[in-house]
Each structure stands twice: as structure tokens, then as C-alpha cells.
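Engineer: final02.cif is the file, holding mmCIF, C-alpha atoms:
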data_query
loop_
_atom_site.label_atom_id
_atom_site.label_comp_id
_atom_site.auth_asym_id
_atom_site.auth_seq_id
_atom_site.Cartn_x
_atom_site.Cartn_y
_atom_site.Cartn_z
CA MET A 218 0.00 0.00 0.00
CA GLU A 219 2.82 2.41 0.78
CA THR A 220 4.22 2.13 -2.74
CA GLN A 221 0.79 2.42 -4.27
CA GLU A 222 -0.10 5.48 -2.29
CA TYR A 223 3.25 7.01 -3.07
CA LYS A 224 2.60 6.54 -6.74
CA TYR A 225 -0.58 8.59 -6.52
CA ARG A 226 0.49 11.05 -3.91
CA ASN A 227 1.52 13.74 -6.33
CA GLY A 228 -1.77 13.95 -8.12
CA LYS A 229 -4.47 12.18 -9.97
CA PRO A 230 -3.45 8.76 -11.32
CA LYS A 231 -3.58 8.60 -15.09
CA ASN A 232 -4.46 4.91 -15.19
CA GLY A 233 -5.97 2.38 -12.87
CA ARG A 234 -8.29 4.95 -11.40
CA LYS A 235 -10.80 2.22 -10.68
CA TYR A 236 -8.21 0.06 -8.93
CA MET A 237 -9.03 -0.41 -5.26
CA PRO A 238 -6.32 -1.19 -2.68
CA ALA A 239 -7.00 -4.66 -1.33
CA ASN A 240 -6.33 -3.48 2.20
CA PHE A 241 -9.45 -1.32 2.46
CA THR A 242 -12.40 -3.36 3.65
CA GLU A 243 -15.83 -2.31 2.46
CA GLU A 244 -16.45 -0.90 5.94
CA GLN A 245 -13.22 1.11 5.84
CA ARG A 246 -14.15 2.43 2.42
CA GLN A 247 -17.55 3.43 3.72
CA ASN A 248 -15.99 5.22 6.68
CA ILE A 249 -13.47 7.08 4.56
CA ARG A 250 -16.17 8.13 2.12
CA GLU A 251 -18.35 9.47 4.92
CA LYS A 252 -15.38 11.26 6.43
CA LEU A 253 -14.58 12.86 3.07
CA ILE A 254 -18.16 14.05 2.70
CA THR A 255 -18.26 15.57 6.21
CA ILE A 256 -14.93 17.27 5.65
CA GLY A 257 -16.19 18.69 2.39
CA TYR A 258 -19.08 20.51 4.04
CA GLU A 259 -16.76 21.89 6.70
CA LEU A 260 -14.13 23.05 4.22
CA ILE A 261 -16.67 24.73 1.96
CA ARG A 262 -17.99 26.69 4.94
CA GLU A 263 -14.47 27.55 6.11
CA ILE A 264 -12.47 28.30 2.99
CA GLY A 265 -14.96 28.05 0.14
CA LEU A 266 -15.47 25.72 -2.76
CA LYS A 267 -12.98 27.24 -5.15
CA LYS A 268 -10.08 27.39 -2.72
CA MET A 269 -10.69 23.89 -1.36
CA LYS A 270 -7.84 21.68 -2.59
CA VAL A 271 -7.92 17.89 -2.97
CA SER A 272 -4.63 17.68 -1.07
CA VAL A 273 -6.20 19.48 1.90
CA ILE A 274 -9.34 17.34 1.82
CA ALA A 275 -7.16 14.19 1.79
CA GLN A 276 -4.95 15.51 4.57
CA GLN A 277 -7.93 16.22 6.81
CA ALA A 278 -9.27 12.73 6.14
CA ASP A 279 -5.88 11.16 6.96
CA ILE A 280 -5.44 9.66 3.52
CA ALA A 281 -2.94 10.29 0.76
CA THR A 282 -4.00 12.57 -2.08
CA GLY A 283 -3.85 9.64 -4.48
CA THR A 284 -6.22 7.64 -2.31
CA PHE A 285 -8.80 10.43 -2.69
CA TYR A 286 -9.04 9.51 -6.36
CA HIS A 287 -10.07 5.96 -5.43
CA PHE A 288 -13.23 7.55 -4.12
CA PHE A 289 -13.85 10.42 -6.53
CA ASP A 290 -12.59 10.90 -10.05
CA SER A 291 -12.04 14.62 -9.59
CA LYS A 292 -12.80 17.57 -7.33
CA GLU A 293 -15.80 18.21 -9.60
CA ALA A 294 -17.15 14.70 -9.02
CA TYR A 295 -16.56 15.14 -5.29
CA VAL A 296 -18.51 18.41 -5.20
CA GLN A 297 -21.28 16.76 -7.19
CA ALA A 298 -21.35 13.98 -4.57
CA LEU A 299 -21.58 16.56 -1.77
CA ILE A 300 -24.59 18.14 -3.45
CA GLU A 301 -26.23 14.78 -4.15
CA GLU A 302 -25.65 13.67 -0.58
CA GLN A 303 -27.51 16.66 0.83
CA ASP A 304 -30.32 16.13 -1.68
CA ARG A 305 -30.56 12.52 -0.53
CA LYS A 306 -30.78 13.60 3.11
CA MET A 307 -33.53 16.08 2.33
CA GLN A 308 -35.42 13.37 0.46
CA GLU A 309 -35.12 11.09 3.48
CA ALA A 310 -36.75 13.81 5.57
CA LEU A 311 -39.68 13.70 3.18
CA ILE A 312 -40.52 10.02 3.75
CA PRO A 313 -41.99 10.24 7.27
CA LEU A 314 -44.27 13.04 6.02
CA LEU A 315 -45.93 10.82 3.46
CA GLN A 316 -49.42 9.78 4.53
CA ASN A 317 -51.13 6.50 3.77
CA SER A 318 -52.11 7.98 0.47
CA GLY A 319 -48.42 8.43 -0.30
CA LYS A 320 -49.06 12.17 -0.46
CA ILE A 321 -48.19 15.22 1.59
CA THR A 322 -50.16 18.41 2.03
CA LEU A 323 -49.11 21.62 0.29
CA GLU A 324 -48.30 23.15 3.71
CA GLN A 325 -45.91 20.28 4.45
CA ALA A 326 -44.36 20.47 1.03
CA ILE A 327 -43.75 24.21 1.35
CA ARG A 328 -42.21 23.75 4.79
CA TRP A 329 -40.01 20.98 3.44
CA PHE A 330 -38.87 23.07 0.48
CA ARG A 331 -38.24 26.01 2.81
CA ASP A 332 -36.03 23.81 4.99
CA SER A 333 -34.07 22.66 1.97
CA PHE A 334 -32.89 26.26 1.47
CA ARG A 335 -31.55 26.69 5.00
CA THR A 336 -27.78 26.94 5.32
CA GLU A 337 -27.60 23.94 7.65
CA ASN A 338 -29.23 21.75 5.00
CA ASN A 339 -27.86 23.32 1.87
CA ILE A 340 -24.24 24.12 1.29
CA LEU A 341 -25.14 26.11 -1.83
CA MET A 342 -26.75 28.74 0.39
CA GLU A 343 -23.34 29.55 1.85
CA LEU A 344 -21.32 29.81 -1.32
CA THR A 345 -19.65 33.08 -2.19
CA LEU A 346 -20.02 34.63 -5.63
CA GLU A 347 -16.52 33.36 -6.43
CA ASP A 348 -17.63 29.83 -5.50
CA TRP A 349 -20.73 30.10 -7.67
CA VAL A 350 -18.61 31.13 -10.61
CA TRP A 351 -16.36 28.13 -9.98
CA LEU A 352 -19.33 25.81 -9.70
CA LYS A 353 -20.96 27.10 -12.86
CA SER A 354 -17.79 26.60 -14.88
CA HIS A 355 -17.09 23.15 -13.39
CA ARG A 356 -20.52 21.61 -13.32
CA THR A 357 -20.39 17.99 -14.31
CA LYS A 358 -23.96 17.73 -15.55
CA ASP A 359 -27.06 19.68 -16.37
CA ASP A 360 -28.10 21.29 -13.13
CA MET A 361 -29.89 24.10 -11.33
CA PHE A 362 -28.02 26.68 -13.38
CA SER A 363 -29.51 25.84 -16.72
CA ALA A 364 -32.82 27.44 -17.57
CA ALA A 365 -34.15 24.14 -18.89
CA HIS A 366 -33.36 22.17 -15.77
CA GLY A 367 -35.84 21.42 -13.09
CA GLU A 368 -39.19 21.28 -14.79
CA GLN A 369 -39.32 17.50 -14.88
CA GLU A 370 -37.94 17.14 -11.38
CA ALA A 371 -40.36 19.72 -10.00
CA MET A 372 -43.27 17.88 -11.62
CA LYS A 373 -42.09 14.67 -9.95
CA TYR A 374 -42.18 16.35 -6.52
CA LEU A 375 -45.50 18.00 -7.21
CA SER A 376 -47.12 14.64 -7.93
CA TYR A 377 -46.73 13.87 -4.20
CA VAL A 378 -48.47 17.04 -3.09
CA GLU A 379 -52.16 17.43 -2.26
CA GLY A 380 -54.10 20.66 -2.60
CA VAL A 381 -52.26 22.14 -5.56
CA ARG A 382 -54.21 24.23 -8.04
CA PRO A 383 -54.66 22.26 -11.26
CA ASP A 384 -53.48 25.09 -13.51
CA LEU A 385 -50.22 25.61 -11.60
CA ASP A 386 -47.35 26.79 -13.79
CA VAL A 387 -44.38 24.94 -12.36
CA ARG A 388 -41.97 27.30 -14.14
CA ILE A 389 -42.95 30.04 -11.69
CA ILE A 390 -41.95 27.83 -8.75
CA ILE A 391 -38.67 26.88 -10.40
CA ASN A 392 -37.85 30.53 -11.05
CA PHE A 393 -38.49 31.27 -7.38
CA PHE A 394 -36.00 28.59 -6.37
CA LYS A 395 -33.51 30.16 -8.76
CA THR A 396 -34.37 33.49 -7.17
CA ILE A 397 -33.35 32.18 -3.75
CA TYR A 398 -30.05 30.90 -5.12
CA SER A 399 -29.48 34.27 -6.78
CA MET A 400 -30.04 35.93 -3.43
CA ALA A 401 -27.56 33.59 -1.76
CA GLN A 402 -25.04 34.33 -4.47
CA ASN A 403 -25.29 38.07 -3.71
CA ARG A 404 -25.74 37.57 0.00
CA GLU A 405 -23.10 40.17 0.91
CA THR A 406 -25.20 42.93 -0.68
CA PHE A 407 -28.32 42.09 1.37
CA ILE A 408 -29.27 43.37 4.80
CA PRO A 409 -28.42 40.20 6.74
CA GLU A 410 -30.86 40.60 9.65
CA VAL A 411 -33.90 40.09 7.44
CA PHE A 412 -32.42 37.83 4.74
CA GLU A 413 -34.19 34.70 6.03
CA THR A 414 -37.43 36.67 6.45
CA ASN A 415 -37.31 37.51 2.76
CA ILE A 416 -36.96 33.83 1.92
CA ASP A 417 -39.84 32.98 4.27
CA MET A 418 -41.96 35.53 2.44
CA ILE A 419 -41.08 34.10 -0.95
CA PHE A 420 -42.34 30.74 0.30
CA GLU A 421 -45.55 32.37 1.57
CA CYS A 422 -45.88 33.81 -1.89
CA ILE A 423 -45.37 30.38 -3.46
CA TYR A 424 -47.91 28.88 -1.08
CA ARG A 425 -50.51 31.49 -1.90
CA TYR A 426 -49.95 30.97 -5.60
CA ALA A 427 -49.92 27.16 -5.53
CA ALA A 428 -52.90 26.53 -3.23
CA ILE A 429 -56.31 25.64 -4.60
CA LYS A 430 -58.43 28.76 -4.15
CA MET B 5 -11.83 73.95 -32.77
CA GLU B 6 -10.14 71.55 -35.14
CA THR B 7 -6.84 71.81 -33.33
CA GLN B 8 -8.47 71.53 -29.98
CA GLU B 9 -10.40 68.44 -30.89
CA TYR B 10 -7.35 66.91 -32.46
CA LYS B 11 -5.47 67.40 -29.23
CA TYR B 12 -8.00 65.37 -27.31
CA ARG B 13 -8.87 62.87 -29.96
CA ASN B 14 -6.53 60.17 -28.76
CA GLY B 15 -7.84 59.99 -25.24
CA LYS B 16 -8.74 61.84 -22.14
CA PRO B 17 -7.09 65.24 -21.79
CA LYS B 18 -4.75 65.46 -18.84
CA ASN B 19 -5.41 69.15 -18.24
CA GLY B 20 -8.08 71.65 -19.01
CA ARG B 21 -10.82 69.11 -18.53
CA LYS B 22 -13.15 71.88 -17.49
CA TYR B 23 -12.31 73.99 -20.50
CA MET B 24 -15.31 74.42 -22.71
CA PRO B 25 -14.90 75.13 -26.41
CA ALA B 26 -16.33 78.58 -27.02
CA ASN B 27 -18.12 77.38 -30.12
CA PHE B 28 -20.63 75.19 -28.24
CA THR B 29 -23.65 77.21 -27.27
CA GLU B 30 -25.53 76.16 -24.15
CA GLU B 31 -28.20 74.73 -26.43
CA GLN B 32 -25.65 72.71 -28.38
CA ARG B 33 -24.18 71.44 -25.16
CA GLN B 34 -27.63 70.38 -24.01
CA ASN B 35 -28.27 68.61 -27.29
CA ILE B 36 -24.97 66.76 -27.22
CA ARG B 37 -25.49 65.72 -23.62
CA GLU B 38 -28.95 64.35 -24.40
CA LYS B 39 -27.58 62.56 -27.45
CA LEU B 40 -24.84 60.99 -25.33
CA ILE B 41 -27.37 59.80 -22.78
CA THR B 42 -29.65 58.27 -25.43
CA ILE B 43 -26.71 56.58 -27.11
CA GLY B 44 -25.60 55.16 -23.76
CA TYR B 45 -28.88 53.32 -23.22
CA GLU B 46 -28.73 51.94 -26.74
CA LEU B 47 -25.12 50.81 -26.48
CA ILE B 48 -25.64 49.13 -23.11
CA ARG B 49 -28.52 47.16 -24.59
CA GLU B 50 -26.54 46.31 -27.73
CA ILE B 51 -23.01 45.59 -26.57
CA GLY B 52 -23.14 45.83 -22.79
CA LEU B 53 -21.73 48.18 -20.22
CA LYS B 54 -18.27 46.69 -19.94
CA LYS B 55 -17.56 46.53 -23.66
CA MET B 56 -18.93 50.02 -24.32
CA LYS B 57 -15.97 52.26 -25.18
CA VAL B 58 -15.82 56.05 -24.86
CA SER B 59 -14.48 56.25 -28.40
CA VAL B 60 -17.56 54.43 -29.71
CA ILE B 61 -19.95 56.55 -27.67
CA ALA B 62 -18.28 59.70 -29.03
CA GLN B 63 -18.30 58.38 -32.60
CA GLN B 64 -22.03 57.61 -32.43
CA ALA B 65 -22.67 61.11 -31.08
CA ASP B 66 -20.60 62.68 -33.87
CA ILE B 67 -18.10 64.21 -31.49
CA ALA B 68 -14.40 63.62 -30.95
CA THR B 69 -13.39 61.35 -28.07
CA GLY B 70 -11.79 64.31 -26.31
CA THR B 71 -15.01 66.28 -26.50
CA PHE B 72 -16.75 63.49 -24.57
CA TYR B 73 -14.60 64.45 -21.58
CA HIS B 74 -16.00 67.98 -21.66
CA PHE B 75 -19.27 66.36 -20.65
CA PHE B 76 -18.21 63.50 -18.39
CA ASP B 77 -15.00 63.05 -16.43
CA SER B 78 -14.86 59.33 -17.12
CA LYS B 79 -16.84 56.36 -18.37
CA GLU B 80 -17.74 55.72 -14.72
CA ALA B 81 -19.17 59.23 -14.33
CA TYR B 82 -21.07 58.77 -17.61
CA VAL B 83 -22.61 55.50 -16.44
CA GLN B 84 -23.50 57.14 -13.14
CA ALA B 85 -25.24 59.90 -15.12
CA LEU B 86 -27.16 57.31 -17.15
CA ILE B 87 -28.43 55.71 -13.95
CA GLU B 88 -29.29 59.06 -12.36
CA GLU B 89 -31.10 60.15 -15.51
CA GLN B 90 -33.40 57.14 -15.42
CA ASP B 91 -34.00 57.67 -11.69
CA ARG B 92 -34.94 61.26 -12.44
CA LYS B 93 -37.40 60.15 -15.13
CA MET B 94 -39.02 57.66 -12.77
CA GLN B 95 -39.32 60.37 -10.13
CA GLU B 96 -41.01 62.64 -12.66
CA ALA B 97 -43.57 59.90 -13.24
CA LEU B 98 -44.36 60.02 -9.53
CA ILE B 99 -45.38 63.69 -9.45
CA PRO B 100 -48.75 63.44 -11.26
CA LEU B 101 -49.70 60.64 -8.86
CA LEU B 102 -49.40 62.87 -5.80
CA GLN B 103 -52.78 63.88 -4.45
CA ASN B 104 -53.67 67.18 -2.78
CA SER B 105 -52.33 65.68 0.41
CA GLY B 106 -48.99 65.24 -1.30
CA LYS B 107 -49.35 61.50 -0.79
CA ILE B 108 -49.97 58.45 -2.95
CA THR B 109 -51.73 55.23 -2.06
CA LEU B 110 -49.81 52.04 -1.39
CA GLU B 111 -51.31 50.51 -4.54
CA GLN B 112 -49.96 53.40 -6.62
CA ALA B 113 -46.59 53.21 -4.92
CA ILE B 114 -46.28 49.49 -5.56
CA ARG B 115 -47.27 49.95 -9.20
CA TRP B 116 -44.71 52.74 -9.55
CA PHE B 117 -41.95 50.66 -7.97
CA ARG B 118 -42.91 47.72 -10.18
CA ASP B 119 -42.58 49.94 -13.25
CA SER B 120 -39.16 51.10 -12.14
CA PHE B 121 -37.92 47.51 -12.52
CA ARG B 122 -39.08 47.09 -16.10
CA THR B 123 -36.37 46.84 -18.72
CA GLU B 124 -37.73 49.83 -20.64
CA ASN B 125 -37.33 52.04 -17.55
CA ASN B 126 -34.28 50.50 -15.99
CA ILE B 127 -31.10 49.71 -17.83
CA LEU B 128 -29.82 47.72 -14.84
CA MET B 129 -32.45 45.08 -15.54
CA GLU B 130 -30.74 44.29 -18.82
CA LEU B 131 -27.15 44.06 -17.66
CA THR B 132 -25.29 40.80 -18.05
CA LEU B 133 -23.39 39.27 -15.13
CA GLU B 134 -20.19 40.56 -16.72
CA ASP B 135 -21.64 44.08 -16.73
CA TRP B 136 -22.69 43.80 -13.08
CA VAL B 137 -19.17 42.80 -12.14
CA TRP B 138 -17.85 45.81 -14.06
CA LEU B 139 -20.36 48.12 -12.40
CA LYS B 140 -19.62 46.84 -8.91
CA SER B 141 -15.89 47.35 -9.33
CA HIS B 142 -16.30 50.81 -10.94
CA ARG B 143 -19.04 52.31 -8.84
CA THR B 144 -18.34 55.92 -8.13
CA LYS B 145 -20.35 56.15 -4.93
CA ASP B 146 -22.24 54.19 -2.35
CA ASP B 147 -25.09 52.56 -4.21
CA MET B 148 -27.58 49.73 -4.49
CA PHE B 149 -24.82 47.17 -4.08
CA SER B 150 -23.88 48.00 -0.54
CA ALA B 151 -25.90 46.38 2.22
CA ALA B 152 -26.13 49.66 4.11
CA HIS B 153 -27.49 51.64 1.19
CA GLY B 154 -31.10 52.37 0.67
CA GLU B 155 -32.63 52.48 4.10
CA GLN B 156 -32.69 56.25 4.26
CA GLU B 157 -33.81 56.61 0.67
CA ALA B 158 -36.56 54.03 1.11
CA MET B 159 -37.82 55.84 4.20
CA LYS B 160 -37.96 59.04 2.18
CA TYR B 161 -40.17 57.37 -0.44
CA LEU B 162 -42.32 55.70 2.19
CA SER B 163 -43.15 59.05 3.77
CA TYR B 164 -45.19 59.83 0.63
CA VAL B 165 -47.24 56.64 0.84
CA GLU B 166 -50.60 56.22 2.52
CA GLY B 167 -51.89 52.99 4.02
CA VAL B 168 -48.59 51.51 5.15
CA ARG B 169 -48.51 49.43 8.34
CA PRO B 170 -46.87 51.41 11.12
CA ASP B 171 -44.49 48.58 12.09
CA LEU B 172 -43.17 48.08 8.57
CA ASP B 173 -39.56 46.92 8.45
CA VAL B 174 -38.16 48.78 5.46
CA ARG B 175 -35.16 46.44 5.33
CA ILE B 176 -37.44 43.70 4.03
CA ILE B 177 -38.52 45.90 1.14
CA ILE B 178 -34.95 46.89 0.35
CA ASN B 179 -33.87 43.25 0.33
CA PHE B 180 -36.68 42.49 -2.11
CA PHE B 181 -35.39 45.19 -4.45
CA LYS B 182 -31.94 43.63 -4.17
CA THR B 183 -33.59 40.30 -4.89
CA ILE B 184 -34.94 41.61 -8.17
CA TYR B 185 -31.53 42.92 -9.19
CA SER B 186 -30.02 39.55 -8.27
CA MET B 187 -32.56 37.87 -10.53
CA ALA B 188 -31.69 40.23 -13.36
CA GLN B 189 -28.03 39.51 -12.85
CA ASN B 190 -28.67 35.77 -13.30
CA ARG B 191 -31.34 36.26 -15.91
CA GLU B 192 -29.86 33.68 -18.29
CA THR B 193 -30.49 30.91 -15.73
CA PHE B 194 -34.19 31.73 -15.37
CA ILE B 195 -37.09 30.43 -17.41
CA PRO B 196 -37.67 33.60 -19.45
CA GLU B 197 -41.39 33.17 -20.19
CA VAL B 198 -42.38 33.68 -16.54
CA PHE B 199 -39.54 35.94 -15.39
CA GLU B 200 -41.73 39.05 -15.27
CA THR B 201 -44.51 37.07 -13.55
CA ASN B 202 -42.09 36.23 -10.76
CA ILE B 203 -41.30 39.92 -10.32
CA ASP B 204 -45.04 40.73 -10.34
CA MET B 205 -45.51 38.18 -7.59
CA ILE B 206 -42.71 39.63 -5.49
CA PHE B 207 -44.49 42.97 -5.67
CA GLU B 208 -47.77 41.32 -4.63
CA CYS B 209 -45.84 39.88 -1.74
CA ILE B 210 -44.48 43.32 -0.83
CA TYR B 211 -47.97 44.81 -1.07
CA ARG B 212 -49.47 42.17 1.19
CA TYR B 213 -46.69 42.71 3.70
CA ALA B 214 -46.75 46.52 3.64
CA ALA B 215 -50.50 47.11 3.72
CA ILE B 216 -52.33 47.99 6.95
CA LYS B 217 -54.22 44.85 7.94
#
Kindly present the structure from the file in C-alpha cells form.
Structural biologist:
Amino acid sequence: METQEYKYRNGKPKNGRKYMPANFTEEQRQNIREKLITIGYELIREIGLKKMKVSVIAQQADIATGTFYHFFDSKEAYVQALIEEQDRKMQEALIPLLQNSGKITLEQAIRWFRDSFRTENNILMELTLEDWVWLKSHRTKDDMFSAAHGEQEAMKYLSYVEGVRPDLDVRIIINFFKTIYSMAQNRETFIPEVFETNIDMIFECIYRYAAIK
Amino acid sequence: METQEYKYRNGKPKNGRKYMPANFTEEQRQNIREKLITIGYELIREIGLKKMKVSVIAQQADIATGTFYHFFDSKEAYVQALIEEQDRKMQEALIPLLQNSGKITLEQAIRWFRDSFRTENNILMELTLEDWVWLKSHRTKDDMFSAAHGEQEAMKYLSYVEGVRPDLDVRIIINFFKTIYSMAQNRETFIPEVFETNIDMIFECIYRYAAIK
């Protein structure tokens, strides 16, 4: 393992990226992966997405830089995993809300969406403008930054919600979510004391629009 | 005049910036200034704020580049004048709304504010992200980009409005205006067909918040 790690220590391995050291058990792998994810959230909050280096992530997780690439192909893939992981957690929080019908009320849905834009649940809400620019230029797939994205996904979520007006234009909701990310991106220009109040009010606005009259 | 203009043609004059060619009457000056302002709005819409060059502005106004600096000290001062000019026009539109009491209703105020964020009245709504970055780094005075700005100005406007709840927190309103500029700044990521609807809804939200219950 020493030799192997040494080989990768100075950067991303060109070949054998999928090769897994025999001395990591599945449990160890799982632990390292979780550690890397936790460290990622911390580092983004501390030093930002752009400045976060793979070598520093690896160091904090007590692994060699080369070993990092056994878990993620690139920093981009890692960041993507961080975002997907928080999405997964939010989706888990949705499950206990589902009633026998497999549906949730509009009130619950709005509260759930609101929570998904809180800094403690959403690392994107803490990014600086510099980080957003990095993220936009390094995105690994179609995401929240493209105008086209989101309509299908939003419709999927909406199918679980009761009490929604039948003529709802989901594009309006999507644009409001983009609005909140735009606010986060310019956070330093906002009056901080009422920033969360503004987001609350946008959700009230969404609720009022989406509810059956 | 030929010699004079030639002297300035290749850039900003180092001295004598305040010197006014004797052959411009006050009326001519007024005409040129208006022309420059009109051209500015057109050029920002066509090629953007950052890419807009003083030499091009001057060319389109049929004056030498040096002559431009008899009207504005710099591109920054010119842009500032463009913004102030549109503010002045919006404020003119407010005057006929004032009743005998010197006040306007909240409905009128909201409609007026809404109008001030339409692209035809507000060049800022059409800036690209690149232009916003330019503007932020070249601002000549405290403006809409600083978190502190706006509270005093907003209070001034509010004093003309009837039917406002006494416990209104003006910071919420200011943050909503910043929200709209943030949306404009990221316009290319929004679903364009409902972009204006989202802004309408933010104003409905402001109205509902600001009105006496």
C-alpha cells in the first residue's frame, strides 16, 4: 500500500483509477467516504469551494491525495457527490411526512422546500459569488443553473403534493428557487438581519400561488 | 476647434478638462449631452456596459473622443449619469400621482416601484453578469450594491405613501429590491417566459406585507 499510495500522492493517477487497494475493507471504504463528505461541508464553509484543494481534503481525512481519487474521479465529481448527498438527506426527511395515500399536504411540502434552502441543510446557500462562478464553470452535468433544468424534477415532486391548483405553472416555482439561489449568491449585498425573512416571504408567496383557491 | 479636438482625440485630456470650447452654445451642449445619454442606453442594450468604449460613444454622437470628456470626467461618471437620468425620469412619473395631500396610495406606490424595474425604464435590468461585475468594481459612490445603502432613501419614499402598516420593516422591502436585481443579474439561468410574472408576484408579496391589515 505504501508504494501504491506514493505513486498517486503527487496527483491524480492517469491509469488504474478504478483500482481499489486490497487493504481497504468495504467498511473502511464506507468510513473514509463518509469522512470525506463531512470534511467537504466543513471546508466549503471555512475556505470556500474554489479554494478547497484535494490535497487538503485528503490531509484532513488522513489519507494520501492519491487515495482520494479511489473515491472520486475529480474535485468536480466530489462536489457533485456533496450536493447529491444533501439532496438525498432532504429526500429522506420527506418520507416520514408521506401519509397512507403516499401524499403530503401543500403546507408540508412548502415547509419541506423552505427547509431545503436553509444553510444547515444546503451548502449552496453559503457559497460566495466566487464559488458560484467556480461551480458554474465546473458543473459535471445539467443542473440548477440551466434554464431548462428542473421542470421534470419539480413535476415529480408535485405529484406527491395534495391541494395544488390544477393550472399551476411549475416554471414560476422553479424561477423562485432560482431566485433564492441568486439571493444567496449576492448575499453580501443584502441586509443580513432580514435575509431569512425575505426567503420565508417568498415561500408564503409560493404557497398562496400554488394553493387551490 | 479643429486643433483643440485633435489634441483630445486620442484619449482623455490630462489638463483643461473643465475647458469648454467657445463654439458650443448652451443649447448645443444640451443637445450633445442628451444625445450621449440616449446613445448610452442603446449601447448598453446592444453591446453591454463593460464593452462600451468612450471612443464608440463619441463616434455615435458625432463628437471627438476628447469632446466626450467635456461632458463626463470618465466612463464611470457617464454610467452614473445614465443611472441618475433614469432615476430622475421615474421620479417625474411620480409627481402626477401625488394627491392634494402630497401622498400616494400604497397601490400606486407598488405599481410605480414595479414599473421602475421594467427593462424599458431600468437599464440595470438588462445588464449581463459581466456588466454587473464591471459596475460593482467601478461604482463611483455608495449605491444599491452595498448592504447599508437604501434604508434612508426608502424611508424618504415611504413618507409619501398612505396605508402603510406602522411597524413596517423597510429592510425587508430593500432586500426584495436587491432580490430583483439579483434575478436580473442571473437572468440567463431563469425560465424567461415567466420571469416578469415572478417579479409581479414579489411585488404582490411586498404589497401584502406593507398594507395595513
Engineer: In Å, with one decimal, what is the gap from atom CA of B:Arg49 to atom CA of B:Leu131?
Structural biologist: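 Answer for the atom CA of B:Arg49 to atom CA of B:Leu131 separation: 7.7 Å.
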Engineer: Please identify all polymer residues within 12 Å of A:Ala326, counting all atoms listed in the file, omitting same-chain residues fewer than 6 positions from it, and present them as a list in words.
Structural biologist: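 Close residues of A:Ala326: Met307, Gln308, Ala310, Leu311, Ile312, Leu314, Leu315, Lys320, Asp332, Ser333, Ala371, Tyr374, Leu375, Ser376, Tyr377, Val378, Glu379, Gly380, Val381, Phe420, Glu421, Ile423, Tyr424, Ala427 and Ala428 of chain A.
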Engineer: Given the file shown, enumerate the residues that the PyMOL selection byres ((chain B) within 9 of (chain A)) captures and present them as a PyMOL selection string.
Structural biologist: chain B and resi 148-152+173+175-180+182-184+186-187+189-190+192-199+201-202+205-206+208-210+213
Engineer: Check the smallest atom-to-atom distance from each of B:Ile114, B:Ile61, B:Ile36, B:Leu139 to B:Gln84 using all atoms listed in the file, then report the winner.
Structural biologist: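 Once distances to B:Gln84 are computed over all atoms listed in the file, the minimum belongs to B:Leu139.
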Engineer: Could you tell me how far atom CA of B:Glu124 sits from atom CA of B:Gln34, in Å to one decimal place?
Structural biologist: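 If I compute the distance from atom CA of B:Gln34 to atom CA of B:Glu124, I get 23.1 Å.
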Engineer: Would you mind telling me which residue in A:Lys292, A:His287, A:Arg331, A:Arg305 lies nearest to A:Arg356 when using only C-alpha atoms?
Structural biologist: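 The answer is A:Lys292, which sits nearest to A:Arg356.
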Engineer: From the set A:Gln325, A:Ser291, A:Gln316, A:Ser272, which residue has the shortest atom-to-atom contact distance to A:His355, counting all atoms listed in the file?
Structural biologist: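 That would be A:Ser291, the residue with the smallest distance to A:His355.
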Engineer: Here's the selection I'm unsure about, the PyMOL selection byres ((chain B and resi 53-57) around 12); applied to the file above, which residues does it give, as a VMD selection string?
Structural biologist: chain B and resid 15 43 to 52 58 to 64 69 72 78 to 80 82 to 84 86 to 87 127 to 128 130 to 142
Engineer: Using Å and a single decimal, report how far atom CA of B:Glu89 sits from atom CA of B:Ile67.
Structural biologist: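 Separation between atom CA of B:Ile67 and atom CA of B:Glu89: 21.0 Å.
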Engineer: Show me, as AutoDock Vina command-line options, the centre and edge lengths in Å to one decimal of the axis-aligned box that covers every listed atom of stretch 397-413 of chain A with 6 Å on each side.
Structural biologist:
--center_x -28.6 --center_y 37.1 --center_z 1.4 --size_x 23.1 --size_y 24.5 --size_z 28.4
